[in-house]
Structure formats: C-alpha cells, structure tokens
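structure.csv (CSV, N, CA and C atoms)
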```
chain,number,residue,atom,x,y,z
A,1,GLN,N,0.8,-1.2,0.0
A,1,GLN,CA,0.0,0.0,0.0
A,1,GLN,C,0.9,1.2,0.0
A,2,VAL,N,0.6,2.2,-0.9
A,2,VAL,CA,1.3,3.4,-1.0
A,2,VAL,C,0.9,4.4,0.1
A,3,GLN,N,1.9,4.9,0.8
A,3,GLN,CA,1.6,5.9,1.8
A,3,GLN,C,2.6,7.1,1.7
A,4,LEU,N,2.0,8.2,1.4
A,4,LEU,CA,2.8,9.5,1.3
A,4,LEU,C,2.6,10.3,2.5
A,5,VAL,N,3.6,10.8,3.1
A,5,VAL,CA,3.4,11.6,4.4
A,5,VAL,C,4.3,12.9,4.2
A,6,GLU,N,3.5,14.0,4.2
A,6,GLU,CA,4.2,15.3,4.1
A,6,GLU,C,4.6,15.8,5.5
A,7,SER,N,5.6,16.6,5.6
A,7,SER,CA,6.0,17.3,6.8
A,7,SER,C,6.7,18.6,6.4
A,8,GLY,N,6.9,19.5,7.4
A,8,GLY,CA,7.7,20.7,7.2
A,8,GLY,C,6.9,22.0,7.0
A,9,GLY,N,5.6,21.8,7.0
A,9,GLY,CA,4.8,23.0,6.9
A,9,GLY,C,4.8,23.9,8.1
A,10,GLY,N,4.3,25.1,8.0
A,10,GLY,CA,4.3,26.0,9.2
A,10,GLY,C,3.9,27.4,8.8
A,11,SER,N,4.2,28.3,9.7
A,11,SER,CA,3.9,29.7,9.5
A,11,SER,C,5.2,30.5,9.4
A,12,VAL,N,5.2,31.4,8.4
A,12,VAL,CA,6.4,32.1,8.2
A,12,VAL,C,6.1,33.5,7.6
A,13,GLN,N,6.9,34.5,7.8
A,13,GLN,CA,6.7,35.8,7.3
A,13,GLN,C,7.1,35.8,5.8
A,14,ALA,N,6.5,36.8,5.1
A,14,ALA,CA,6.9,37.0,3.7
A,14,ALA,C,8.4,37.2,3.6
A,15,GLY,N,8.9,36.5,2.5
A,15,GLY,CA,10.4,36.6,2.3
A,15,GLY,C,11.1,35.4,3.0
A,16,GLY,N,10.4,34.7,3.8
A,16,GLY,CA,11.1,33.6,4.5
A,16,GLY,C,11.1,32.3,3.7
A,17,SER,N,11.6,31.2,4.3
A,17,SER,CA,11.8,30.0,3.6
A,17,SER,C,11.2,28.8,4.5
A,18,LEU,N,10.8,27.8,3.8
A,18,LEU,CA,10.4,26.5,4.4
A,18,LEU,C,10.8,25.4,3.5
A,19,ARG,N,11.1,24.2,4.1
A,19,ARG,CA,11.4,23.0,3.2
A,19,ARG,C,10.3,21.9,3.6
A,20,LEU,N,9.6,21.5,2.6
A,20,LEU,CA,8.6,20.4,2.8
A,20,LEU,C,9.3,19.1,2.4
A,21,SER,N,8.9,18.1,3.1
A,21,SER,CA,9.3,16.7,2.8
A,21,SER,C,8.2,15.8,2.6
A,22,CYS,N,8.4,14.8,1.7
A,22,CYS,CA,7.3,13.8,1.4
A,22,CYS,C,8.0,12.5,1.5
A,23,ALA,N,7.7,11.7,2.5
A,23,ALA,CA,8.2,10.4,2.7
A,23,ALA,C,7.3,9.3,2.1
A,24,ASP,N,7.8,8.5,1.2
A,24,ASP,CA,7.0,7.4,0.6
A,24,ASP,C,7.3,6.1,1.3
A,25,SER,N,6.5,5.8,2.3
A,25,SER,CA,6.8,4.7,3.1
A,25,SER,C,6.2,3.4,2.6
A,26,GLY,N,5.3,3.5,1.6
A,26,GLY,CA,4.7,2.2,1.1
A,26,GLY,C,5.2,2.0,-0.3
A,27,TYR,N,6.5,1.7,-0.4
A,27,TYR,CA,7.2,1.6,-1.7
A,27,TYR,C,7.0,0.3,-2.3
A,28,THR,N,5.8,0.0,-2.8
A,28,THR,CA,5.5,-1.2,-3.4
A,28,THR,C,5.1,-1.1,-4.8
A,29,TYR,N,5.5,0.0,-5.4
A,29,TYR,CA,5.2,0.3,-6.8
A,29,TYR,C,6.4,1.0,-7.4
A,30,SER,N,6.4,1.1,-8.7
A,30,SER,CA,7.5,1.7,-9.4
A,30,SER,C,7.1,3.2,-9.7
A,31,ARG,N,7.6,4.1,-8.9
A,31,ARG,CA,7.3,5.5,-9.1
A,31,ARG,C,7.9,6.0,-10.3
A,32,LYS,N,7.2,6.7,-11.1
A,32,LYS,CA,7.8,7.3,-12.3
A,32,LYS,C,7.9,8.8,-12.2
A,33,ILE,N,6.9,9.4,-11.4
A,33,ILE,CA,6.9,10.8,-11.3
A,33,ILE,C,6.3,11.2,-9.9
A,34,MET,N,6.8,12.2,-9.3
A,34,MET,CA,6.3,12.8,-8.1
A,34,MET,C,6.1,14.3,-8.2
A,35,GLY,N,5.1,14.8,-7.5
A,35,GLY,CA,4.8,16.2,-7.6
A,35,GLY,C,4.4,16.8,-6.3
A,36,TRP,N,4.4,18.1,-6.3
A,36,TRP,CA,3.8,18.9,-5.2
A,36,TRP,C,2.7,19.7,-5.8
A,37,PHE,N,1.6,19.8,-5.0
A,37,PHE,CA,0.4,20.5,-5.4
A,37,PHE,C,0.0,21.4,-4.2
A,38,ARG,N,-0.8,22.4,-4.4
A,38,ARG,CA,-1.3,23.2,-3.3
A,38,ARG,C,-2.7,23.6,-3.6
A,39,GLN,N,-3.4,23.8,-2.5
A,39,GLN,CA,-4.8,24.2,-2.6
A,39,GLN,C,-5.1,25.3,-1.6
A,40,PRO,N,-5.2,26.6,-2.1
A,40,PRO,CA,-5.5,27.7,-1.2
A,40,PRO,C,-7.0,27.5,-0.7
A,41,PRO,N,-7.4,28.2,0.3
A,41,PRO,CA,-8.8,28.1,0.8
A,41,PRO,C,-9.8,28.5,-0.3
A,42,GLY,N,-10.7,27.7,-0.5
A,42,GLY,CA,-11.8,28.1,-1.5
A,42,GLY,C,-11.4,28.0,-2.9
A,43,LYS,N,-10.2,27.5,-3.2
A,43,LYS,CA,-9.7,27.4,-4.6
A,43,LYS,C,-9.4,25.9,-5.0
A,44,GLU,N,-9.2,25.7,-6.2
A,44,GLU,CA,-8.9,24.4,-6.7
A,44,GLU,C,-7.4,24.0,-6.5
A,45,ARG,N,-7.2,22.7,-6.4
A,45,ARG,CA,-5.8,22.3,-6.2
A,45,ARG,C,-5.0,22.6,-7.5
A,46,GLU,N,-3.8,23.0,-7.4
A,46,GLU,CA,-3.0,23.4,-8.5
A,46,GLU,C,-1.6,22.8,-8.4
A,47,GLY,N,-1.0,22.5,-9.5
A,47,GLY,CA,0.4,21.9,-9.5
A,47,GLY,C,1.4,23.0,-9.3
A,48,VAL,N,2.4,22.6,-8.5
A,48,VAL,CA,3.5,23.5,-8.1
A,48,VAL,C,4.8,23.1,-8.8
A,49,ALA,N,5.1,21.8,-8.6
A,49,ALA,CA,6.4,21.3,-9.2
A,49,ALA,C,6.3,19.8,-9.3
A,50,ALA,N,7.0,19.3,-10.2
A,50,ALA,CA,7.1,17.8,-10.4
A,50,ALA,C,8.5,17.4,-10.8
A,51,ILE,N,8.8,16.1,-10.4
A,51,ILE,CA,10.1,15.6,-10.7
A,51,ILE,C,10.0,14.2,-11.3
A,52,TYR,N,10.7,13.9,-12.3
A,52,TYR,CA,10.7,12.6,-12.9
A,52,TYR,C,11.8,11.7,-12.1
A,53,ILE,N,11.3,10.6,-11.6
A,53,ILE,CA,12.2,9.8,-10.7
A,53,ILE,C,13.4,9.2,-11.4
A,54,GLY,N,13.2,8.8,-12.7
A,54,GLY,CA,14.3,8.2,-13.4
A,54,GLY,C,15.4,9.2,-13.8
A,55,GLY,N,15.0,10.2,-14.5
A,55,GLY,CA,16.0,11.1,-15.0
A,55,GLY,C,16.3,12.4,-14.2
A,56,GLY,N,15.3,12.6,-13.3
A,56,GLY,CA,15.5,13.8,-12.4
A,56,GLY,C,15.0,15.1,-13.0
A,57,GLY,N,14.4,15.0,-14.2
A,57,GLY,CA,13.9,16.2,-14.8
A,57,GLY,C,12.8,16.9,-14.0
A,58,THR,N,12.7,18.2,-14.0
A,58,THR,CA,11.8,18.9,-13.2
A,58,THR,C,10.9,19.8,-14.0
A,59,VAL,N,9.7,20.1,-13.5
A,59,VAL,CA,8.8,21.0,-14.1
A,59,VAL,C,8.2,21.9,-13.0
A,60,TYR,N,8.1,23.2,-13.3
A,60,TYR,CA,7.6,24.2,-12.3
A,60,TYR,C,6.5,25.0,-12.8
A,61,ALA,N,5.6,25.4,-11.9
A,61,ALA,CA,4.6,26.4,-12.3
A,61,ALA,C,5.2,27.7,-12.4
A,62,ASP,N,4.7,28.5,-13.3
A,62,ASP,CA,5.3,29.9,-13.5
A,62,ASP,C,5.4,30.7,-12.2
A,63,SER,N,4.4,30.5,-11.4
A,63,SER,CA,4.3,31.3,-10.2
A,63,SER,C,5.4,31.0,-9.1
A,64,VAL,N,6.1,29.9,-9.3
A,64,VAL,CA,7.1,29.5,-8.3
A,64,VAL,C,8.5,29.4,-8.9
A,65,LYS,N,8.6,29.6,-10.2
A,65,LYS,CA,9.9,29.5,-10.8
A,65,LYS,C,10.9,30.5,-10.2
A,66,GLY,N,12.1,30.0,-9.9
A,66,GLY,CA,13.1,30.8,-9.4
A,66,GLY,C,13.0,30.9,-7.8
A,67,ARG,N,11.9,30.5,-7.2
A,67,ARG,CA,11.8,30.5,-5.8
A,67,ARG,C,11.7,29.2,-5.1
A,68,PHE,N,11.1,28.2,-5.8
A,68,PHE,CA,10.9,26.9,-5.3
A,68,PHE,C,11.9,25.9,-6.0
A,69,THR,N,12.3,24.9,-5.3
A,69,THR,CA,13.2,23.8,-5.9
A,69,THR,C,12.7,22.5,-5.4
A,70,ILE,N,12.4,21.6,-6.4
A,70,ILE,CA,12.0,20.2,-6.0
A,70,ILE,C,13.2,19.3,-6.2
A,71,SER,N,13.3,18.4,-5.3
A,71,SER,CA,14.4,17.4,-5.3
A,71,SER,C,14.0,16.1,-4.7
A,72,GLN,N,14.8,15.1,-4.9
A,72,GLN,CA,14.5,13.8,-4.4
A,72,GLN,C,15.7,13.1,-3.8
A,73,ASP,N,15.5,12.2,-2.9
A,73,ASP,CA,16.6,11.4,-2.3
A,73,ASP,C,16.0,10.0,-2.4
A,74,ASN,N,16.4,9.3,-3.5
A,74,ASN,CA,15.9,8.0,-3.7
A,74,ASN,C,16.3,7.0,-2.6
A,75,ALA,N,17.4,7.2,-2.1
A,75,ALA,CA,17.9,6.2,-1.0
A,75,ALA,C,16.9,6.3,0.2
A,76,LYS,N,16.3,7.5,0.4
A,76,LYS,CA,15.4,7.7,1.5
A,76,LYS,C,14.0,7.6,1.1
A,77,ASN,N,13.7,7.4,-0.2
A,77,ASN,CA,12.4,7.4,-0.7
A,77,ASN,C,11.7,8.7,-0.3
A,78,THR,N,12.3,9.8,-0.4
A,78,THR,CA,11.8,11.1,0.1
A,78,THR,C,12.0,12.2,-1.0
A,79,MET,N,11.0,13.0,-1.1
A,79,MET,CA,11.0,14.1,-2.0
A,79,MET,C,10.9,15.4,-1.2
A,80,TYR,N,11.5,16.5,-1.7
A,80,TYR,CA,11.5,17.7,-1.0
A,80,TYR,C,11.0,18.9,-1.9
A,81,LEU,N,10.6,19.9,-1.2
A,81,LEU,CA,10.3,21.2,-1.9
A,81,LEU,C,10.9,22.3,-1.0
A,82,GLN,N,11.9,22.9,-1.5
A,82,GLN,CA,12.6,24.0,-0.9
A,82,GLN,C,11.9,25.3,-1.4
A,83,MET,N,11.3,26.0,-0.5
A,83,MET,CA,10.5,27.2,-0.8
A,83,MET,C,11.2,28.4,-0.2
A,84,ASN,N,11.7,29.3,-1.1
A,84,ASN,CA,12.3,30.5,-0.7
A,84,ASN,C,11.5,31.7,-1.2
A,85,LYS,N,11.8,32.9,-0.6
A,85,LYS,CA,11.1,34.1,-0.9
A,85,LYS,C,9.6,33.9,-0.9
A,86,LEU,N,9.1,33.4,0.1
A,86,LEU,CA,7.7,33.1,0.2
A,86,LEU,C,6.9,34.3,0.2
A,87,LYS,N,5.7,34.2,-0.4
A,87,LYS,CA,4.7,35.3,-0.5
A,87,LYS,C,3.4,34.9,0.2
A,88,PRO,N,2.6,35.9,0.6
A,88,PRO,CA,1.3,35.6,1.2
A,88,PRO,C,0.5,34.7,0.2
A,89,GLU,N,0.6,34.9,-1.1
A,89,GLU,CA,-0.2,34.1,-2.0
A,89,GLU,C,0.3,32.7,-2.1
A,90,ASP,N,1.4,32.3,-1.5
A,90,ASP,CA,1.8,30.9,-1.4
A,90,ASP,C,1.1,30.2,-0.3
A,91,THR,N,0.3,30.9,0.5
A,91,THR,CA,-0.5,30.2,1.6
A,91,THR,C,-1.5,29.2,1.0
A,92,ALA,N,-1.4,28.0,1.5
A,92,ALA,CA,-2.2,26.9,1.0
A,92,ALA,C,-1.9,25.6,1.8
A,93,MET,N,-2.7,24.6,1.6
A,93,MET,CA,-2.4,23.3,2.0
A,93,MET,C,-1.6,22.7,0.9
A,94,TYR,N,-0.4,22.1,1.2
A,94,TYR,CA,0.5,21.5,0.2
A,94,TYR,C,0.4,20.0,0.3
A,95,TYR,N,0.3,19.4,-0.9
A,95,TYR,CA,0.1,18.0,-1.0
A,95,TYR,C,1.3,17.4,-1.9
A,96,CYS,N,1.8,16.2,-1.5
A,96,CYS,CA,2.6,15.5,-2.4
A,96,CYS,C,1.8,14.4,-3.1
A,97,ALA,N,2.3,14.1,-4.3
A,97,ALA,CA,1.6,13.1,-5.1
A,97,ALA,C,2.6,12.2,-5.8
A,98,ALA,N,2.2,11.1,-6.2
A,98,ALA,CA,3.1,10.2,-7.0
A,98,ALA,C,2.3,9.3,-7.9
A,99,ASP,N,2.9,8.8,-8.9
A,99,ASP,CA,2.3,7.9,-9.8
A,99,ASP,C,3.3,7.0,-10.5
A,100,SER,N,2.8,5.8,-11.0
A,100,SER,CA,3.6,4.9,-11.7
A,100,SER,C,3.5,5.1,-13.2
A,101,ARG,N,2.7,6.0,-13.6
A,101,ARG,CA,2.7,6.3,-15.1
A,101,ARG,C,3.6,7.4,-15.4
A,102,LEU,N,4.1,7.4,-16.6
A,102,LEU,CA,5.1,8.4,-17.0
A,102,LEU,C,4.3,9.5,-17.8
A,103,SER,N,4.0,10.6,-17.1
A,103,SER,CA,3.3,11.7,-17.7
A,103,SER,C,4.2,12.5,-18.6
A,104,SER,N,3.6,13.2,-19.6
A,104,SER,CA,4.3,14.1,-20.4
A,104,SER,C,4.6,15.3,-19.6
A,105,TRP,N,5.6,16.1,-20.2
A,105,TRP,CA,5.9,17.4,-19.5
A,105,TRP,C,4.6,18.2,-19.4
A,106,PHE,N,3.8,18.2,-20.4
A,106,PHE,CA,2.6,19.0,-20.4
A,106,PHE,C,1.6,18.6,-19.3
A,107,ASP,N,1.6,17.3,-18.9
A,107,ASP,CA,0.6,16.9,-17.9
A,107,ASP,C,1.3,16.7,-16.5
A,108,ALA,N,2.5,17.0,-16.4
A,108,ALA,CA,3.2,16.8,-15.1
A,108,ALA,C,2.6,17.5,-13.9
A,109,LEU,N,2.0,18.6,-14.2
A,109,LEU,CA,1.4,19.4,-13.1
A,109,LEU,C,-0.1,19.3,-13.1
A,110,SER,N,-0.6,18.3,-13.7
A,110,SER,CA,-2.1,18.0,-13.7
A,110,SER,C,-2.5,17.1,-12.6
A,111,VAL,N,-3.5,17.4,-11.9
A,111,VAL,CA,-4.0,16.6,-10.8
A,111,VAL,C,-4.3,15.2,-11.3
A,112,ASP,N,-4.8,15.1,-12.5
A,112,ASP,CA,-5.3,13.8,-13.1
A,112,ASP,C,-4.1,12.9,-13.4
A,113,SER,N,-2.9,13.4,-13.4
A,113,SER,CA,-1.7,12.5,-13.7
A,113,SER,C,-1.2,11.7,-12.5
A,114,TYR,N,-1.9,11.9,-11.3
A,114,TYR,CA,-1.4,11.3,-10.1
A,114,TYR,C,-2.5,10.5,-9.4
A,115,ASN,N,-2.2,9.2,-9.0
A,115,ASN,CA,-3.1,8.4,-8.3
A,115,ASN,C,-2.9,8.3,-6.8
A,116,TYR,N,-1.7,8.7,-6.4
A,116,TYR,CA,-1.4,8.5,-4.9
A,116,TYR,C,-1.1,9.9,-4.3
A,117,TRP,N,-1.8,10.2,-3.2
A,117,TRP,CA,-1.7,11.5,-2.6
A,117,TRP,C,-1.5,11.4,-1.1
A,118,GLY,N,-0.7,12.4,-0.5
A,118,GLY,CA,-0.6,12.5,0.9
A,118,GLY,C,-1.8,13.3,1.5
A,119,GLN,N,-1.7,13.5,2.8
A,119,GLN,CA,-2.8,14.1,3.5
A,119,GLN,C,-2.6,15.6,3.6
A,120,GLY,N,-1.4,16.1,3.2
A,120,GLY,CA,-1.2,17.6,3.2
A,120,GLY,C,-0.6,18.2,4.4
A,121,THR,N,0.1,19.3,4.2
A,121,THR,CA,0.7,20.0,5.3
A,121,THR,C,0.5,21.5,5.0
A,122,GLN,N,0.1,22.2,6.0
A,122,GLN,CA,-0.3,23.6,5.8
A,122,GLN,C,0.9,24.6,5.8
A,123,VAL,N,0.9,25.5,4.9
A,123,VAL,CA,1.8,26.6,4.8
A,123,VAL,C,1.1,27.9,4.9
A,124,THR,N,1.5,28.7,5.8
A,124,THR,CA,0.9,30.0,6.0
A,124,THR,C,2.0,31.1,5.9
A,125,VAL,N,1.8,32.1,5.0
A,125,VAL,CA,2.8,33.1,4.9
A,125,VAL,C,2.1,34.4,5.2
A,126,SER,N,2.6,35.1,6.2
A,126,SER,CA,2.0,36.4,6.6
A,126,SER,C,2.8,37.6,6.0
A,127,SER,N,2.1,38.7,5.8
A,127,SER,CA,2.7,39.8,5.2
A,127,SER,C,3.3,40.7,6.2
```

Could you write out this file's structure as structure tokens?
Amino acid sequence: QVQLVESGGGSVQAGGSLRLSCADSGYTYSRKIMGWFRQPPGKEREGVAAIYIGGGGTVYADSVKGRFTISQDNAKNTMYLQMNKLKPEDTAMYYCAADSRLSSWFDALSVDSYNYWGQGTQVTVSS
C-alpha cells in the first residue's frame, strides 16, 4: 500500500523559507513521477512542481519558478520542496503526489496525472 506523508509546513513571514518533505513509506510500486500541489482556501488544487524519478527532470509552475526547488533522495524514498522568498499568495495546503505512469511534460502538473496522494501540510505566509 502506498503511503505518502508530508511534513515541514508551518507559518512564516513573507520573504522567509520553508522546506517540505514527502516520505514514501509504502514503496510497493515503481514511481515514475512525483509532484507537489497546493490548494488555497476556497480554490482548486494546482500543480506547483514535479520531478521525474528516473532522469530527475523537473517542471515548475510559472508562479514559483526561481523561488521553489523540487528534489528527491531515492535512498530515503523522500521528495523535498525548498521554498524561498515566500509570498502571502503561497499560503495553502500543500500535498505531495506520486504515480507509476510516466506523464508528459505537459501533464506533469495536472491533478489527473497522479493516483497517490498525501494528507497535506499547511503553509501560511503572513505579510
């Protein structure tokens, strides 16, 4: 059974940094892609960043390019999201996701490209 567990969320002032972690403890499938998504209150879930497990290629939403960095540690079955220069509009519940299908670059930030999801970790950025 796949189990994704996020950690590292919290409250920070604008301009600050946080690092989210996603531990994949139910490694019974072949992950091809993992991603970070966020859902602000009252809004739809949106893709933030994705990483291809095999080659390490990454995809970012325009809103976070240059500020967020996605990475992976395969030995620990853990994915990270380093978030710098945080803005109030980054406030949201952040979710990690994974799938055994190899999505195209175009679909890498689509909710529909992922079957496995964590429970989320809250990030709050104050101005």

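Those residues in region 37-109 of chain A carrying a DSSP assignment of helix (DSSP H, G or I), computed from the backbone, are Asn74, Ala75, Lys76, Pro88, Glu89, Asp90, Trp105, Phe106 and Asp107 of chain A.
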
Just-selected residues, N, CA and C atoms written as a CSV table (one decimal), in the coordinates of the input:
```csv
chain,number,residue,atom,x,y,z
A,74,ASN,N,16.4,9.3,-3.5
A,74,ASN,CA,15.9,8.0,-3.7
A,74,ASN,C,16.3,7.0,-2.6
A,75,ALA,N,17.4,7.2,-2.1
A,75,ALA,CA,17.9,6.2,-1.0
A,75,ALA,C,16.9,6.3,0.2
A,76,LYS,N,16.3,7.5,0.4
A,76,LYS,CA,15.4,7.7,1.5
A,76,LYS,C,14.0,7.6,1.1
A,88,PRO,N,2.6,35.9,0.6
A,88,PRO,CA,1.3,35.6,1.2
A,88,PRO,C,0.5,34.7,0.2
A,89,GLU,N,0.6,34.9,-1.1
A,89,GLU,CA,-0.2,34.1,-2.0
A,89,GLU,C,0.3,32.7,-2.1
A,90,ASP,N,1.4,32.3,-1.5
A,90,ASP,CA,1.8,30.9,-1.4
A,90,ASP,C,1.1,30.2,-0.3
A,105,TRP,N,5.6,16.1,-20.2
A,105,TRP,CA,5.9,17.4,-19.5
A,105,TRP,C,4.6,18.2,-19.4
A,106,PHE,N,3.8,18.2,-20.4
A,106,PHE,CA,2.6,19.0,-20.4
A,106,PHE,C,1.6,18.6,-19.3
A,107,ASP,N,1.6,17.3,-18.9
A,107,ASP,CA,0.6,16.9,-17.9
A,107,ASP,C,1.3,16.7,-16.5
```

With all atoms listed in the file as the counted atoms, please give the residues lying no more than 6 Å from Glu6 (chain A), apart from itself and same-chain residues fewer than 2 positions off, as a CSV table (one decimal) with N, CA and C atoms, in the coordinates of the input.
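Contents of out_15.csv, as written:
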```
chain,number,residue,atom,x,y,z
A,4,LEU,N,2.0,8.2,1.4
A,4,LEU,CA,2.8,9.5,1.3
A,4,LEU,C,2.6,10.3,2.5
A,8,GLY,N,6.9,19.5,7.4
A,8,GLY,CA,7.7,20.7,7.2
A,8,GLY,C,6.9,22.0,7.0
A,21,SER,N,8.9,18.1,3.1
A,21,SER,CA,9.3,16.7,2.8
A,21,SER,C,8.2,15.8,2.6
A,22,CYS,N,8.4,14.8,1.7
A,22,CYS,CA,7.3,13.8,1.4
A,22,CYS,C,8.0,12.5,1.5
A,23,ALA,N,7.7,11.7,2.5
A,23,ALA,CA,8.2,10.4,2.7
A,23,ALA,C,7.3,9.3,2.1
A,118,GLY,N,-0.7,12.4,-0.5
A,118,GLY,CA,-0.6,12.5,0.9
A,118,GLY,C,-1.8,13.3,1.5
A,119,GLN,N,-1.7,13.5,2.8
A,119,GLN,CA,-2.8,14.1,3.5
A,119,GLN,C,-2.6,15.6,3.6
A,120,GLY,N,-1.4,16.1,3.2
A,120,GLY,CA,-1.2,17.6,3.2
A,120,GLY,C,-0.6,18.2,4.4
A,121,THR,N,0.1,19.3,4.2
A,121,THR,CA,0.7,20.0,5.3
A,121,THR,C,0.5,21.5,5.0
```

Set the distance at 7 Å and use only N, CA and C atoms: which residues neighbour Leu20 (chain A) once local chain neighbours fewer than 2 positions away are removed? I'd like the list as a short mmCIF file (atom, residue, chain, number, x, y, z; two decimals) with N, CA and C atoms, keeping the file's coordinate frame.
```
data_model
loop_
_atom_site.label_atom_id
_atom_site.label_comp_id
_atom_site.auth_asym_id
_atom_site.auth_seq_id
_atom_site.Cartn_x
_atom_site.Cartn_y
_atom_site.Cartn_z
N GLU A 6 3.50 14.00 4.20
CA GLU A 6 4.20 15.30 4.10
C GLU A 6 4.60 15.80 5.50
N SER A 7 5.60 16.60 5.60
CA SER A 7 6.00 17.30 6.80
C SER A 7 6.70 18.60 6.40
N GLY A 8 6.90 19.50 7.40
CA GLY A 8 7.70 20.70 7.20
C GLY A 8 6.90 22.00 7.00
N GLY A 9 5.60 21.80 7.00
CA GLY A 9 4.80 23.00 6.90
C GLY A 9 4.80 23.90 8.10
N LEU A 18 10.80 27.80 3.80
CA LEU A 18 10.40 26.50 4.40
C LEU A 18 10.80 25.40 3.50
N CYS A 22 8.40 14.80 1.70
CA CYS A 22 7.30 13.80 1.40
C CYS A 22 8.00 12.50 1.50
N MET A 79 11.00 13.00 -1.10
CA MET A 79 11.00 14.10 -2.00
C MET A 79 10.90 15.40 -1.20
N TYR A 80 11.50 16.50 -1.70
CA TYR A 80 11.50 17.70 -1.00
C TYR A 80 11.00 18.90 -1.90
N LEU A 81 10.60 19.90 -1.20
CA LEU A 81 10.30 21.20 -1.90
C LEU A 81 10.90 22.30 -1.00
N GLN A 82 11.90 22.90 -1.50
CA GLN A 82 12.60 24.00 -0.90
C GLN A 82 11.90 25.30 -1.40
N MET A 83 11.30 26.00 -0.50
CA MET A 83 10.50 27.20 -0.80
C MET A 83 11.20 28.40 -0.20
#
```

*Kindly give the distance, in Å, that separates atom N of Gln72 (chain A) and atom N of Gly47 (chain A), rounded to a single decimal.*
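Atom N of Gly47 (chain A) lies at a distance of 18.0 Å from atom N of Gln72 (chain A).
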
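Between atom C of Phe37 (chain A) and CA of Ser71 (chain A) the interatomic distance comes to 15.0 Å.
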
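The coordinates place atom C of Ala92 (chain A) at 4.9 Å from atom C of Val123 (chain A).
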